[in-house]
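Pasted below: final-v3.cif, mmCIF, C-alpha atoms.
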data_run
#
loop_
_atom_site.group_PDB
_atom_site.id
_atom_site.type_symbol
_atom_site.label_atom_id
_atom_site.label_comp_id
_atom_site.auth_asym_id
_atom_site.auth_seq_id
_atom_site.Cartn_x
_atom_site.Cartn_y
_atom_site.Cartn_z
ATOM 1 C CA MET Y 1 0.000 0.000 0.000
ATOM 2 C CA LYS Y 2 1.368 3.388 -1.003
ATOM 3 C CA ILE Y 3 1.348 6.114 1.654
ATOM 4 C CA ILE Y 4 1.286 9.699 0.375
ATOM 5 C CA THR Y 5 1.911 12.522 2.853
ATOM 6 C CA GLU Y 6 1.457 15.496 0.536
ATOM 7 C CA LEU Y 7 -1.346 16.661 -1.713
ATOM 8 C CA LYS Y 8 0.118 15.629 -5.034
ATOM 9 C CA PRO Y 9 -2.324 14.522 -7.754
ATOM 10 C CA SER Y 10 -3.063 10.851 -8.231
ATOM 11 C CA PRO Y 11 -2.039 9.902 -11.785
ATOM 12 C CA LYS Y 12 -4.931 7.442 -12.003
ATOM 13 C CA PRO Y 13 -8.639 7.919 -11.175
ATOM 14 C CA THR Y 14 -9.609 6.758 -7.705
ATOM 15 C CA SER Y 15 -12.427 5.457 -5.578
ATOM 16 C CA THR Y 16 -11.767 7.226 -2.289
ATOM 17 C CA ALA Y 17 -12.962 6.759 1.292
ATOM 18 C CA LEU Y 18 -13.014 9.957 3.359
ATOM 19 C CA GLY Y 19 -12.603 10.066 7.141
ATOM 20 C CA TYR Y 20 -10.329 10.185 10.157
ATOM 21 C CA PHE Y 21 -11.124 6.526 10.875
ATOM 22 C CA ASP Y 22 -9.847 6.394 14.473
ATOM 23 C CA GLY Y 23 -9.900 2.741 15.456
ATOM 24 C CA VAL Y 24 -11.020 1.647 11.982
ATOM 25 C CA HIS Y 25 -14.100 0.173 13.645
ATOM 26 C CA ARG Y 26 -16.929 -1.726 11.953
ATOM 27 C CA GLY Y 27 -18.581 1.446 10.664
ATOM 28 C CA HIS Y 28 -15.305 2.732 9.256
ATOM 29 C CA ARG Y 29 -14.587 -0.580 7.593
ATOM 30 C CA ALA Y 30 -17.948 -0.464 5.834
ATOM 31 C CA VAL Y 31 -16.988 2.912 4.324
ATOM 32 C CA ILE Y 32 -13.510 1.763 3.261
ATOM 33 C CA THR Y 33 -14.820 -1.530 1.883
ATOM 34 C CA GLU Y 34 -17.347 0.379 -0.226
ATOM 35 C CA ALA Y 35 -14.516 2.392 -1.811
ATOM 36 C CA VAL Y 36 -12.446 -0.745 -2.403
ATOM 37 C CA GLN Y 37 -15.316 -2.672 -3.998
ATOM 38 C CA ASN Y 38 -16.302 0.255 -6.204
ATOM 39 C CA GLY Y 39 -12.682 0.591 -7.293
ATOM 40 C CA ARG Y 40 -12.517 -3.050 -8.303
ATOM 41 C CA GLU Y 41 -15.788 -2.861 -10.200
ATOM 42 C CA HIS Y 42 -14.817 0.267 -12.157
ATOM 43 C CA GLY Y 43 -11.062 -0.076 -12.533
ATOM 44 C CA LEU Y 44 -10.270 2.715 -10.070
ATOM 45 C CA VAL Y 45 -7.415 2.922 -7.574
ATOM 46 C CA SER Y 46 -8.844 2.201 -4.121
ATOM 47 C CA THR Y 47 -7.809 5.104 -1.909
ATOM 48 C CA VAL Y 48 -8.265 6.369 1.644
ATOM 49 C CA PHE Y 49 -7.970 10.009 2.639
ATOM 50 C CA THR Y 50 -7.214 10.380 6.336
ATOM 51 C CA LEU Y 51 -5.344 12.653 8.732
ATOM 52 C CA MET Y 52 -2.153 12.455 10.761
ATOM 53 C CA GLN Y 53 -3.970 13.759 13.844
ATOM 54 C CA SER Y 54 -7.499 14.273 15.089
ATOM 55 C CA PRO Y 55 -8.904 17.662 14.042
ATOM 56 C CA ARG Y 56 -9.916 18.248 17.671
ATOM 57 C CA THR Y 57 -6.252 18.368 18.736
ATOM 58 C CA ILE Y 58 -5.672 21.257 16.320
ATOM 59 C CA LEU Y 59 -8.984 23.105 16.553
ATOM 60 C CA LYS Y 60 -9.660 22.721 20.276
ATOM 61 C CA GLY Y 61 -6.217 21.969 21.692
ATOM 62 C CA GLU Y 62 -7.414 18.671 23.127
ATOM 63 C CA LYS Y 63 -4.921 16.006 24.089
ATOM 64 C CA SER Y 64 -4.800 13.137 21.636
ATOM 65 C CA SER Y 65 -6.803 10.069 22.730
ATOM 66 C CA ASN Y 66 -6.642 7.749 19.760
ATOM 67 C CA ILE Y 67 -7.895 4.182 19.961
ATOM 68 C CA ILE Y 68 -4.980 2.642 18.076
ATOM 69 C CA THR Y 69 -1.538 3.767 16.937
ATOM 70 C CA LEU Y 70 -1.052 5.237 13.477
ATOM 71 C CA ASP Y 71 0.949 2.167 12.438
ATOM 72 C CA GLU Y 72 -1.894 -0.153 13.398
ATOM 73 C CA LYS Y 73 -4.436 2.113 11.730
ATOM 74 C CA LEU Y 74 -2.512 1.934 8.448
ATOM 75 C CA SER Y 75 -2.051 -1.826 8.822
ATOM 76 C CA VAL Y 76 -5.791 -2.414 9.268
ATOM 77 C CA ILE Y 77 -6.577 -0.138 6.313
ATOM 78 C CA GLU Y 78 -4.118 -2.056 4.148
ATOM 79 C CA SER Y 79 -5.710 -5.367 5.169
ATOM 80 C CA LEU Y 80 -8.985 -4.158 3.616
ATOM 81 C CA GLY Y 81 -7.411 -4.062 0.158
ATOM 82 C CA VAL Y 82 -6.650 -0.336 -0.070
ATOM 83 C CA GLU Y 83 -3.996 0.528 -2.643
ATOM 84 C CA GLN Y 84 -3.021 4.016 -1.511
ATOM 85 C CA VAL Y 85 -3.548 6.321 1.464
ATOM 86 C CA TYR Y 86 -3.347 10.096 1.537
ATOM 87 C CA LEU Y 87 -2.125 10.737 5.098
ATOM 88 C CA ILE Y 88 -2.285 14.511 5.498
ATOM 89 C CA ASP Y 89 -1.430 16.967 8.284
ATOM 90 C CA PHE Y 90 -4.737 18.552 9.263
ATOM 91 C CA ALA Y 91 -3.056 21.829 10.203
ATOM 92 C CA GLY Y 92 -2.240 22.403 6.537
ATOM 93 C CA ILE Y 93 -5.812 22.063 5.284
ATOM 94 C CA LYS Y 94 -7.977 23.203 8.204
ATOM 95 C CA ASP Y 95 -8.802 26.558 6.576
ATOM 96 C CA ILE Y 96 -9.800 25.176 3.178
ATOM 97 C CA THR Y 97 -13.440 25.887 2.353
ATOM 98 C CA ALA Y 98 -15.850 23.075 1.595
ATOM 99 C CA GLU Y 99 -16.019 24.140 -2.053
ATOM 100 C CA SER Y 100 -12.223 24.213 -2.370
ATOM 101 C CA PHE Y 101 -11.922 20.830 -0.681
ATOM 102 C CA ILE Y 102 -14.108 19.251 -3.352
ATOM 103 C CA ARG Y 103 -12.692 21.151 -6.309
ATOM 104 C CA ASP Y 104 -9.004 21.222 -5.420
ATOM 105 C CA ILE Y 105 -8.530 18.082 -3.341
ATOM 106 C CA VAL Y 106 -11.251 15.492 -4.021
ATOM 107 C CA CYS Y 107 -11.279 16.274 -7.726
ATOM 108 C CA GLY Y 108 -7.893 17.887 -8.312
ATOM 109 C CA VAL Y 109 -5.688 15.735 -6.063
ATOM 110 C CA PHE Y 110 -7.509 12.452 -5.539
ATOM 111 C CA ASN Y 111 -8.743 12.396 -9.152
ATOM 112 C CA ALA Y 112 -11.829 10.794 -7.637
ATOM 113 C CA ARG Y 113 -14.617 9.213 -9.648
ATOM 114 C CA HIS Y 114 -16.350 7.852 -6.572
ATOM 115 C CA VAL Y 115 -16.191 8.760 -2.888
ATOM 116 C CA ALA Y 116 -17.497 6.983 0.191
ATOM 117 C CA CYS Y 117 -18.010 8.448 3.662
ATOM 118 C CA GLY Y 118 -19.869 7.857 6.895
ATOM 119 C CA PHE Y 119 -23.375 9.145 7.617
ATOM 120 C CA ASN Y 120 -22.001 11.984 9.777
ATOM 121 C CA TYR Y 121 -19.021 13.057 7.665
ATOM 122 C CA HIS Y 122 -18.216 16.791 7.630
ATOM 123 C CA PHE Y 123 -15.530 18.658 5.727
ATOM 124 C CA GLY Y 124 -14.168 22.094 4.951
ATOM 125 C CA SER Y 125 -13.350 25.028 7.227
ATOM 126 C CA GLY Y 126 -15.589 25.004 10.281
ATOM 127 C CA ALA Y 127 -16.876 21.563 9.234
ATOM 128 C CA LYS Y 128 -19.543 23.398 7.227
ATOM 129 C CA GLY Y 129 -19.759 20.714 4.543
ATOM 130 C CA SER Y 130 -22.098 17.780 5.262
ATOM 131 C CA GLY Y 131 -22.769 14.535 3.427
ATOM 132 C CA GLU Y 132 -25.602 16.276 1.620
ATOM 133 C CA HIS Y 133 -23.256 19.037 0.470
ATOM 134 C CA LEU Y 134 -20.706 16.440 -0.552
ATOM 135 C CA GLU Y 135 -23.151 14.711 -2.890
ATOM 136 C CA GLU Y 136 -24.381 18.000 -4.334
ATOM 137 C CA MET Y 137 -20.907 19.419 -4.956
ATOM 138 C CA CYS Y 138 -19.398 16.196 -6.279
ATOM 139 C CA SER Y 139 -22.181 15.716 -8.817
ATOM 140 C CA GLY Y 140 -20.957 18.833 -10.634
ATOM 141 C CA TYR Y 141 -17.628 17.077 -11.220
ATOM 142 C CA GLY Y 142 -19.144 13.762 -12.236
ATOM 143 C CA ILE Y 143 -18.182 12.115 -8.952
ATOM 144 C CA SER Y 144 -20.598 9.617 -7.418
ATOM 145 C CA VAL Y 145 -21.057 9.600 -3.636
ATOM 146 C CA LEU Y 146 -22.188 6.932 -1.191
ATOM 147 C CA ALA Y 147 -22.686 7.835 2.469
ATOM 148 C CA ARG Y 148 -22.876 4.654 4.516
ATOM 149 C CA PRO Y 149 -25.657 4.512 7.135
ATOM 150 C CA ARG Y 150 -24.804 4.166 10.815
ATOM 151 C CA ILE Y 151 -24.107 0.707 12.182
ATOM 152 C CA THR Y 152 -25.514 -0.061 15.602
ATOM 153 C CA LEU Y 153 -24.809 -2.420 18.473
ATOM 154 C CA ASP Y 154 -27.373 -2.889 21.243
ATOM 155 C CA ASP Y 155 -29.541 -0.218 19.579
ATOM 156 C CA LEU Y 156 -26.789 2.396 19.883
ATOM 157 C CA PRO Y 157 -24.534 3.604 17.053
ATOM 158 C CA ILE Y 158 -21.013 2.237 16.875
ATOM 159 C CA SER Y 159 -18.666 5.175 17.240
ATOM 160 C CA SER Y 160 -15.079 5.964 18.179
ATOM 161 C CA THR Y 161 -16.390 7.909 21.192
ATOM 162 C CA ARG Y 162 -18.325 4.912 22.463
ATOM 163 C CA ILE Y 163 -15.308 2.646 21.962
ATOM 164 C CA ARG Y 164 -13.091 5.034 23.936
ATOM 165 C CA GLU Y 165 -15.609 5.081 26.773
ATOM 166 C CA SER Y 166 -15.615 1.278 26.843
ATOM 167 C CA ILE Y 167 -11.814 1.158 26.979
ATOM 168 C CA VAL Y 168 -11.663 3.714 29.796
ATOM 169 C CA LYS Y 169 -14.165 1.637 31.775
ATOM 170 C CA GLY Y 170 -12.226 -1.582 31.115
ATOM 171 C CA ASN Y 171 -15.102 -3.079 29.143
ATOM 172 C CA ILE Y 172 -12.843 -4.752 26.578
ATOM 173 C CA PRO Y 173 -15.434 -7.242 25.235
ATOM 174 C CA LEU Y 174 -17.728 -4.344 24.261
ATOM 175 C CA ALA Y 175 -14.869 -2.450 22.598
ATOM 176 C CA GLU Y 176 -13.970 -5.625 20.702
ATOM 177 C CA LYS Y 177 -17.527 -6.033 19.413
ATOM 178 C CA MET Y 178 -17.567 -2.486 18.074
ATOM 179 C CA LEU Y 179 -14.092 -2.681 16.585
ATOM 180 C CA GLY Y 180 -14.839 -6.011 14.959
ATOM 181 C CA ARG Y 181 -11.461 -7.315 16.119
ATOM 182 C CA LYS Y 182 -9.476 -7.601 19.331
ATOM 183 C CA TYR Y 183 -8.268 -4.463 21.076
ATOM 184 C CA GLY Y 184 -4.639 -4.144 22.081
ATOM 185 C CA PHE Y 185 -1.189 -2.969 21.108
ATOM 186 C CA CYS Y 186 1.831 -3.942 19.047
ATOM 187 C CA LEU Y 187 4.769 -2.171 20.667
ATOM 188 C CA PRO Y 188 8.527 -2.646 21.177
ATOM 189 C CA VAL Y 189 9.710 -4.440 24.299
ATOM 190 C CA ILE Y 190 11.846 -2.244 26.554
ATOM 191 C CA HIS Y 191 14.133 -3.031 29.486
ATOM 192 C CA GLY Y 192 12.494 -2.912 32.896
ATOM 193 C CA ARG Y 193 13.723 -3.326 36.458
ATOM 194 C CA GLN Y 194 13.535 -7.129 36.110
ATOM 195 C CA LEU Y 195 11.711 -7.521 39.432
ATOM 196 C CA GLY Y 196 9.338 -10.066 37.903
ATOM 197 C CA ARG Y 197 12.296 -12.210 36.927
ATOM 198 C CA LEU Y 198 13.362 -12.327 40.592
ATOM 199 C CA TRP Y 199 9.844 -13.436 41.572
ATOM 200 C CA GLY Y 200 9.622 -16.133 38.893
ATOM 201 C CA THR Y 201 7.135 -14.084 36.870
ATOM 202 C CA PRO Y 202 9.289 -12.359 34.207
ATOM 203 C CA THR Y 203 7.416 -9.729 32.225
ATOM 204 C CA LEU Y 204 7.546 -8.013 28.865
ATOM 205 C CA ASN Y 205 7.697 -4.261 29.414
ATOM 206 C CA GLN Y 206 6.248 -1.807 26.899
ATOM 207 C CA GLN Y 207 5.812 1.954 27.134
ATOM 208 C CA PHE Y 208 2.184 2.982 26.781
ATOM 209 C CA PRO Y 209 1.877 5.475 23.885
ATOM 210 C CA SER Y 210 0.942 8.935 25.151
ATOM 211 C CA GLU Y 211 -1.334 9.569 22.157
ATOM 212 C CA LEU Y 212 -3.674 6.669 22.970
ATOM 213 C CA VAL Y 213 -6.712 6.611 25.217
ATOM 214 C CA LYS Y 214 -5.715 4.930 28.493
ATOM 215 C CA PRO Y 215 -7.537 1.751 29.470
ATOM 216 C CA ARG Y 216 -8.761 1.343 33.012
ATOM 217 C CA PHE Y 217 -5.646 0.680 35.083
ATOM 218 C CA GLY Y 218 -5.201 -2.831 36.383
ATOM 219 C CA ALA Y 219 -4.641 -6.413 35.269
ATOM 220 C CA TYR Y 220 -6.104 -8.001 32.136
ATOM 221 C CA SER Y 221 -6.131 -11.457 30.640
ATOM 222 C CA ALA Y 222 -4.510 -11.282 27.217
ATOM 223 C CA VAL Y 223 -3.376 -13.093 24.103
ATOM 224 C CA VAL Y 224 0.283 -12.520 23.247
ATOM 225 C CA THR Y 225 1.662 -13.403 19.814
ATOM 226 C CA VAL Y 226 5.344 -14.298 19.513
ATOM 227 C CA ASP Y 227 6.731 -15.615 16.219
ATOM 228 C CA GLY Y 228 3.204 -16.384 15.034
ATOM 229 C CA LYS Y 229 2.338 -18.465 18.125
ATOM 230 C CA LYS Y 230 -0.274 -17.341 20.648
ATOM 231 C CA TYR Y 231 0.382 -17.435 24.387
ATOM 232 C CA CYS Y 232 -1.681 -16.753 27.475
ATOM 233 C CA GLY Y 233 -0.762 -13.460 29.084
ATOM 234 C CA VAL Y 234 -1.458 -11.421 32.210
ATOM 235 C CA THR Y 235 -1.096 -7.763 31.270
ATOM 236 C CA ASN Y 236 -0.918 -4.989 33.835
ATOM 237 C CA ILE Y 237 -1.444 -1.410 32.674
ATOM 238 C CA GLY Y 238 -0.759 1.436 35.048
ATOM 239 C CA LEU Y 239 1.751 3.167 37.307
ATOM 240 C CA LYS Y 240 2.864 0.172 39.390
ATOM 241 C CA PRO Y 241 1.932 1.669 42.792
ATOM 242 C CA THR Y 242 3.621 -1.125 44.769
ATOM 243 C CA VAL Y 243 7.086 -0.644 43.252
ATOM 244 C CA GLY Y 244 6.602 2.748 41.611
ATOM 245 C CA SER Y 245 6.697 4.128 38.063
ATOM 246 C CA ASP Y 246 6.818 7.640 36.621
ATOM 247 C CA SER Y 247 4.894 6.783 33.452
ATOM 248 C CA VAL Y 248 2.183 4.418 32.279
ATOM 249 C CA LEU Y 249 3.660 1.008 31.529
ATOM 250 C CA ILE Y 250 2.356 -2.204 30.015
ATOM 251 C CA GLU Y 251 3.767 -5.287 31.752
ATOM 252 C CA THR Y 252 2.872 -8.760 30.525
ATOM 253 C CA TRP Y 253 3.686 -12.089 32.109
ATOM 254 C CA MET Y 254 3.328 -15.175 29.905
ATOM 255 C CA PRO Y 255 3.094 -18.173 32.284
ATOM 256 C CA ASP Y 256 3.751 -20.718 29.532
ATOM 257 C CA TYR Y 257 6.470 -18.941 27.561
ATOM 258 C CA ASN Y 258 10.049 -20.184 27.881
ATOM 259 C CA GLY Y 259 11.570 -18.760 24.711
ATOM 260 C CA ARG Y 260 14.238 -16.227 23.861
ATOM 261 C CA GLU Y 261 14.542 -12.635 25.055
ATOM 262 C CA LEU Y 262 12.302 -10.243 23.131
ATOM 263 C CA TYR Y 263 13.905 -6.861 23.805
ATOM 264 C CA ASN Y 264 13.404 -4.253 21.053
ATOM 265 C CA GLU Y 265 10.960 -6.509 19.176
ATOM 266 C CA CYS Y 266 7.399 -5.332 18.509
ATOM 267 C CA ILE Y 267 5.177 -7.816 20.328
ATOM 268 C CA ASP Y 268 1.422 -7.910 19.791
ATOM 269 C CA ILE Y 269 -0.788 -8.040 22.888
ATOM 270 C CA ARG Y 270 -4.581 -8.254 22.649
ATOM 271 C CA LEU Y 271 -6.598 -7.747 25.816
ATOM 272 C CA LEU Y 272 -9.441 -10.130 26.669
ATOM 273 C CA ARG Y 273 -10.920 -9.100 30.026
ATOM 274 C CA HIS Y 274 -10.263 -6.730 32.931
ATOM 275 C CA LEU Y 275 -9.390 -8.896 35.947
ATOM 276 C CA ARG Y 276 -8.848 -6.359 38.707
ATOM 277 C CA ASP Y 277 -8.090 -2.704 39.327
ATOM 278 C CA GLU Y 278 -4.578 -1.498 40.014
ATOM 279 C CA ARG Y 279 -3.861 -1.190 43.722
ATOM 280 C CA LYS Y 280 -0.964 -0.911 46.093
ATOM 281 C CA PHE Y 281 -0.111 -4.209 47.790
ATOM 282 C CA SER Y 282 1.400 -4.579 51.244
ATOM 283 C CA GLY Y 283 4.611 -5.905 49.730
ATOM 284 C CA THR Y 284 6.160 -7.934 46.964
ATOM 285 C CA GLU Y 285 4.969 -11.286 48.348
ATOM 286 C CA GLU Y 286 1.319 -10.221 48.250
ATOM 287 C CA LEU Y 287 1.849 -8.779 44.749
ATOM 288 C CA LYS Y 288 3.497 -11.994 43.531
ATOM 289 C CA ALA Y 289 0.614 -14.110 44.927
ATOM 290 C CA GLU Y 290 -1.907 -11.885 43.137
ATOM 291 C CA ILE Y 291 0.013 -12.173 39.849
ATOM 292 C CA ILE Y 292 -0.061 -15.971 40.149
ATOM 293 C CA ARG Y 293 -3.809 -15.868 40.835
ATOM 294 C CA ASN Y 294 -4.343 -13.608 37.835
ATOM 295 C CA GLY Y 295 -2.325 -16.069 35.763
ATOM 296 C CA GLU Y 296 -4.827 -18.813 36.583
ATOM 297 C CA GLN Y 297 -7.712 -16.532 35.585
ATOM 298 C CA ALA Y 298 -5.944 -15.596 32.362
ATOM 299 C CA ARG Y 299 -5.409 -19.255 31.450
ATOM 300 C CA GLU Y 300 -9.149 -19.870 31.771
ATOM 301 C CA ASP Y 301 -9.906 -16.912 29.478
ATOM 302 C CA PHE Y 302 -7.217 -17.956 27.017
ATOM 303 C CA CYS Y 303 -8.495 -21.544 26.857
ATOM 304 C CA SER Y 304 -12.069 -20.357 26.352
ATOM 305 C CA GLU Y 305 -10.878 -18.033 23.579
ATOM 306 C CA ASN Y 306 -9.025 -20.813 21.759
ATOM 307 C CA GLN Y 307 -11.445 -23.723 22.084
#
Once more with this new file: its structure as structure tokens, please.
Amino acid sequence: MKIITELKPSPKPTSTALGYFDGVHRGHRAVITEAVQNGREHGLVSTVFTLMQSPRTILKGEKSSNIITLDEKLSVIESLGVEQVYLIDFAGIKDITAESFIRDIVCGVFNARHVACGFNYHFGSGAKGSGEHLEEMCSGYGISVLARPRITLDDLPISSTRIRESIVKGNIPLAEKMLGRKYGFCLPVIHGRQLGRLWGTPTLNQQFPSELVKPRFGAYSAVVTVDGKKYCGVTNIGLKPTVGSDSVLIETWMPDYNGRELYNECIDIRLLRHLRDERKFSGTEELKAEIIRNGEQAREDFCSENQ
């Protein structure tokens, strides 16, 4: 998949999906899949237009709270069959009018013949352009438009906001249902204090990305993938109140892993269920006993997941 970070014209006509696509959840995938399928049917280059950062971080100064990393976002988009992505800095286009966005970017840069978007897509300075405006403006350039309807779960729309709320509450199964895949991280393993090794529960340590929404602190059952093989994991996310930490860390113990060291490798961890909240234990012995107990719970979840 080709990644384009500047607004240079596509040499070939495209079928383009428009959106920020944080999380690339089930609703987002329906939009992207529409663009891909239309591209295949009409000989167009399947394309996604997305942004390097959430518009809210630029317009309102909000701290970034993405659901997944940019690398994972691009990986999921690529898995849907997309041929090229325009990944653009929002700061450089935030003042473009709705009319200019269609004329100069959708038509002039993307060379679009078809565009797909979500039911609530807005564009242009001040987000003044709606899906209705998009269809009206694009028709003048011979561009067809399909706005996908909302997708619901439990009679409520699937949205990035709702997924974030689920993650913050530790409701990982609900987040998974809305994402349409498991929630987690693929991050490099860093050196820790190796206290777990002394206790017989060695852990993988990963720095939690500051741009992501923080899950409820505590221990989770998890699936860890190493060299294509899946292992049971107990993942703790938080500030390690018993032994202390200055930043949010991800620590994962794999009870059944006896392989090589994994430092500096990107290891994929998918959370299954929140087991307990983070708390300060009376000492290392109580903490070790709790980790062992969590390991037994995690094995049960892992076995149920892989039956």
Under the PyMOL selection byres ((chain Y and resi 171-183) around 9), which residues of this model are included? Write them out as a ChimeraX atom specification. /Y:23-27,67-68,152-153,158-160,162-170,184-185,215-216,269-274
Starting from the displayed file, determine the output of the PyMOL selection byres ((chain Y and resi 112) around 10) and express the residue list as an MDAnalysis selection string. chainID Y and resid 10 12:17 44:47 102 105:111 113:115 138 141:144
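Picture a line from CA of Leu275 in chain Y to CA of Lys214 in chain Y; it runs 16.1 Å.
Between CA of Glu34 in chain Y and CA of Ile58 in chain Y the interatomic distance comes to 29.1 Å.
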Local residues around (1.7, -17.5, 27.1), at most 10 Å away, using all atoms listed in the file, as JSON, numbers by chain: {"Y": [222, 223, 224, 225, 226, 229, 230, 231, 232, 233, 234, 252, 253, 254, 255, 256, 257, 258, 295, 298, 299, 302]}
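One distance worth recording is that between CA of Leu74 in chain Y and CA of Phe21 in chain Y, which is 10.1 Å.
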Would you kindly return, as a ChimeraX atom specification, each protein, DNA or RNA residue with an atom no farther than 9 Å from any atom of Leu134 in chain Y, considering only C-alpha atoms and excluding same-chain residues fewer than 4 positions away? /Y:98,102,122-123,129-130,138-139,145
